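To start, the structure under review is shown below, and the notes come after it.
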Amino acid sequence: MPRILMEVINKLVTLKAHMDGSPQESDFVIKTETLSLSAVLESKDVLVKNIYVSIDPYQINRMKSLCSSQTASGSSYAAGIAPGQAIDTHGVGRVVVSGNPDFKKDDLVVGRIGWGEYSIVKEGANLDKLNPLGFPYSYHVGILGVSGFTAYAGFYEICQPKKGERVFVSAAAGSVGNIVGQYAKLFGCYVVGCAGSQEKVDLLKNKLGFDDAFNYKEETDLKAAVAKYFPDGVDIYFDNVGGEMLEAAVANMNQFGRVAVCGVIAEYTEKGKRAAPDMIDIVYKRITIRGFLAGDYMSQFPEFISATSDHLKTGRMHSIEDISQGLESIPSAFAGLFRGDNVGKKIVQIADE
Ligand code: NAP
C-alpha cells in the first residue's frame with residue numbers, strides 16, 4: 001500500500017523581533033512548521049507550493065511595533081506582522097492540494113502567498129489561476145503584477161499626464177520607478193530619473209529610453225540637481241522616496257504640477273525624517289500632492305495587463321528583474337532594498353517552476 005502523505009514540512013521566514021531602523025539579515029529567522037493536508041481538504045483552503053515571491057519595501061512598515069500605515073488604509077495587506085508570524089506577500093505558485101472547488105492540484109496560481117516554501121491560502125483570500133500569457137512566470141510578480149500595476153495606476157490616474165510634459169521619477173531603477181518611466185516615455189513625456197548608482201543611471205538612459213538620469217548620491221544639493229535636469233521645471237513628480245527628494249522636486253515644480261506619492265522609502269527607516277516641502281510653493285503654484293494605493297484601482301487591472309503585455313510583446317517595454325535563489329536569500333533580498341542593492345523588481349525564487 002502506498003503511504004498517503006497527510007502532512008508537509010514547511011520552512012518559512014519570520015521576524016525575530018519588531019523592526020526598528022534599517023533592516024538587517026539578522027532580524028529574520030527561518031522556522032519550520034508542519035502543515036496538515038487533511039485539514040486543507042476538509043476546509044475550503046488551498047495549499048500552494050510557492051515558486052516566486054515578491055520582496056517589497058512597504059513590508060517594513062508592517063514589521064514595526066507601531067506604524068500609522070498598519071491601520072490608516074483599512075487594508076489587511078498593511079496589517080502589522082508579529083515576530084514569529086508568517087509573512088504574506090504577492091507571488092506565483094502551484095496548487096498542491098485544494099479544498100476549494102475553484103482550484104485543483106497543479107493549477108498555476110498568483111496572489112497572496114508568503115515568504116515560505118508553502119502557503120495555506122484561506123477561502124476568500126486573494127488567489128487566482130494564472131494564465132502566463134506566454135511570459136515568464138516571474139513577470140506576473142513584477143511588470144505584470146503589483147509593481148507594474150502600481151506604476152500604471154499611479155502614472156495614468158494620479159499624475160494625469162499630458163503629452164510633452166516633464167516627468168521626474170525617483171528610485172527610477174527600482175521596480176515601480178523603471179516602469180513609470182517607460183510608460184511616461186511611451187506616452188510622449190520628457191522623463192528624467194534619479195537612482196543610487198552609475199550602473200542604474202546607465203540602465204535608465206541606455207536600455208529604458210529615459211531622456212536623462214542622475215545619481216542622487218553624488219549630488220550635494222538636490223534642489224540644484226533637479227533644477228539642472230529640468231531647466232523648464234517639473235510638471236509631474238512620481239515620488240517613491242519622500243524626504244529631501246520630495247522637497248527638491250516641489251521646489252522645481254511648475255504651476256499646476258502633480259506629485260504622485262507612491263511611497264516614501266527614505267522615511268521608512270528613520271523615524272525623525274519627514275519631508276517638509278515649501279507649502280508656499282504648493283499654494284502659489286497650485287500643486288497637487290496625492291497619495292495612492294494601487295489596490296484602489298483594481299478595476300483597471302485587465303486593461304493594464306492588455307496594454308502592458310502588448311508593449312512587452314512588441315519590445316516597446318522591458319522587464320527588469322533581480323531574482324535571488326532560495327528561501328534563505330529572502331532576508332538579504334529584503335534588507336538589500338534599503339541599501340539600493342536591487343536593480344528592477346526584487347523577487348526570490350523558492351522552487352523550480
Ligand atoms: P524598489 O524601488 O524596487 O526598491 C527600493 C529602492 O529604493 C532601492 O533599490 C533604492 O534604489 C531606493 N532607496 C532605498 N533607500 C533609499 C533612500 N533612503 N533614499 C532614496 N532611495 C532609496 O521598490 P519598489 O517596490 O519599486 O517600491 C518603490 C516605492 O513604491 C516604495 O516607497 C514602496 O513602498 C512604494 N510602493 C507603493 C505602492 C502603492 O500602492 N502606493 C505599491 C508598491 C510600492 P537607489 O539605488 O536608487 O537608492
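By order in the C-alpha cells, chains are A, B, ...; within a chain, residues start at 1; ligands start at 1, following the order shown.
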
Query - strand (DSSP E or B) residues, from DSSP on the backbone, in segment 71-224 of chain A, as a count of residues only - result: 41

Requested in this report: Compute the set of protein, DNA and RNA residues whose minimum atom distance to ligand 1 is at most 7 Å, using only C-alpha atoms and all ligand atoms, and state it as a PyMOL selection string.
Outcome: chain A and resi 56-58+146-147+150+171-177+194-197+240-241+262-267+292-295+337-346

Query raised in the report: Counting only C-alpha atoms, what is within 8 Å of Phe28 of chain A, bar same-chain residues fewer than 2 positions away, as a PyMOL selection string?
Result: chain A and resi 13-16+24-26+30+331

Requested in this report: Within 9 Å of segment 280-282 of chain A, counting only C-alpha atoms, which residues show up once you throw out same-chain ones fewer than 3 positions away? Write them as number ranges by chain, please.
Outcome: A: 250-251, 253, 255, 277, 285-289

Write the selection just made, keeping C-alpha atoms, as a JSON list (two decimals), in the first residue's frame?
```
[["chain", "number", "residue", "atom", "x", "y", "z"],
["A", 250, "VAL", "CA", 8.44, 70.62, -5.18],
["A", 251, "ALA", "CA", 10.94, 73.49, -5.32],
["A", 253, "MET", "CA", 7.60, 72.15, -9.91],
["A", 255, "GLN", "CA", 2.31, 75.72, -11.84],
["A", 277, "PRO", "CA", 8.18, 70.77, 1.13],
["A", 285, "LYS", "CA", 2.00, 77.08, -7.87],
["A", 286, "ARG", "CA", -1.32, 75.26, -7.20],
["A", 287, "ILE", "CA", 0.48, 71.93, -6.89],
["A", 288, "THR", "CA", -1.47, 68.73, -6.20],
["A", 289, "ILE", "CA", 0.25, 66.20, -3.92]]
```

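Distances from A:Ala72, A:Ile51, A:Val46, A:Ala79 to Lys104 of chain A were compared using only C-alpha atoms, and the smallest one belongs to A:Val46.
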
Query raised in the report: Quick one: DSSP helix (DSSP H, G or I) residues in segment 176-320 of chain A, as a ChimeraX atom specification?
Result: /A:176-187,198-207,216-218,222-229,243-251,265-268,279-284,294-313

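The nearest approach to Ile305 of chain A among the residues A:Leu208, A:Arg94, A:Asn131, A:Ala225, with only C-alpha atoms taken into account, belongs to A:Asn131.
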
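Restricting the calculation to only C-alpha atoms, the smallest distance between Pro101 of chain A and any of A:Leu144, A:Phe155, A:Glu123, A:Phe301 is found for A:Glu123.
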
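Reported to one decimal place, the separation of atom CA of Tyr297 of chain A from atom CA of Ser69 of chain A is 18.6 Å.
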
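The shortest atom-to-atom distance to Val259 of chain A, with only C-alpha atoms taken into account, belongs to A:Val167 out of A:Val201, A:Leu222, A:Val167, A:Val283.
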
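Atom to atom, atom CA of Phe304 of chain A and atom CA of Val261 of chain A stand 19.9 Å apart.
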
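With distances restricted to only C-alpha atoms, A:Asn178 is the closest residue to Ser319 of chain A from A:Ser76, A:Ser54, A:Asn178, A:Asn206.
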
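Residues surrounding Leu133 of chain A within 10 Å are Tyr137, His140, Ile305 and Ser309 of chain A [only C-alpha atoms; sequence separation below 4 positions excluded].
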
Output file for the selection above: all heavy atoms, as a compact mmCIF listing (two decimals), in the first residue's frame:
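Ended up saving to again-v1.txt:
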```
# COMPACT_ATOMS: atom_id res chain seq x y z
N TYR A 137 6.97 33.27 -15.70
CA TYR A 137 6.07 33.41 -14.55
C TYR A 137 6.45 34.60 -13.66
O TYR A 137 5.60 35.24 -13.07
CB TYR A 137 6.10 32.13 -13.68
CG TYR A 137 5.66 30.86 -14.37
CD1 TYR A 137 5.88 29.62 -13.76
CD2 TYR A 137 5.03 30.89 -15.61
CE1 TYR A 137 5.48 28.45 -14.37
CE2 TYR A 137 4.64 29.71 -16.23
CZ TYR A 137 4.87 28.50 -15.61
OH TYR A 137 4.49 27.33 -16.22
N HIS A 140 4.77 37.99 -13.67
CA HIS A 140 3.48 38.19 -13.01
C HIS A 140 3.65 38.57 -11.54
O HIS A 140 2.66 38.82 -10.84
CB HIS A 140 2.60 36.95 -13.20
CG HIS A 140 2.30 36.72 -14.66
ND1 HIS A 140 1.25 37.32 -15.32
CD2 HIS A 140 2.99 36.02 -15.61
CE1 HIS A 140 1.28 36.98 -16.60
NE2 HIS A 140 2.33 36.19 -16.80
N ILE A 305 -3.11 44.83 -17.98
CA ILE A 305 -2.48 43.60 -18.49
C ILE A 305 -2.46 43.62 -20.02
O ILE A 305 -1.46 43.32 -20.67
CB ILE A 305 -3.23 42.34 -17.97
CG1 ILE A 305 -2.98 42.16 -16.48
CG2 ILE A 305 -2.84 41.08 -18.76
CD1 ILE A 305 -1.58 41.66 -16.11
N SER A 309 1.16 43.86 -21.71
CA SER A 309 1.65 42.67 -22.39
C SER A 309 1.87 42.98 -23.88
O SER A 309 2.81 42.48 -24.48
CB SER A 309 0.73 41.47 -22.16
OG SER A 309 -0.56 41.78 -22.49
```

Report task. Go through A:Gly142, A:Ala275, A:Val121, A:Tyr268 one by one, measure the shortest atom-to-atom distance of each to Ser68 of chain A using only C-alpha atoms, and give the residue with the smallest value. Result -> A:Tyr268
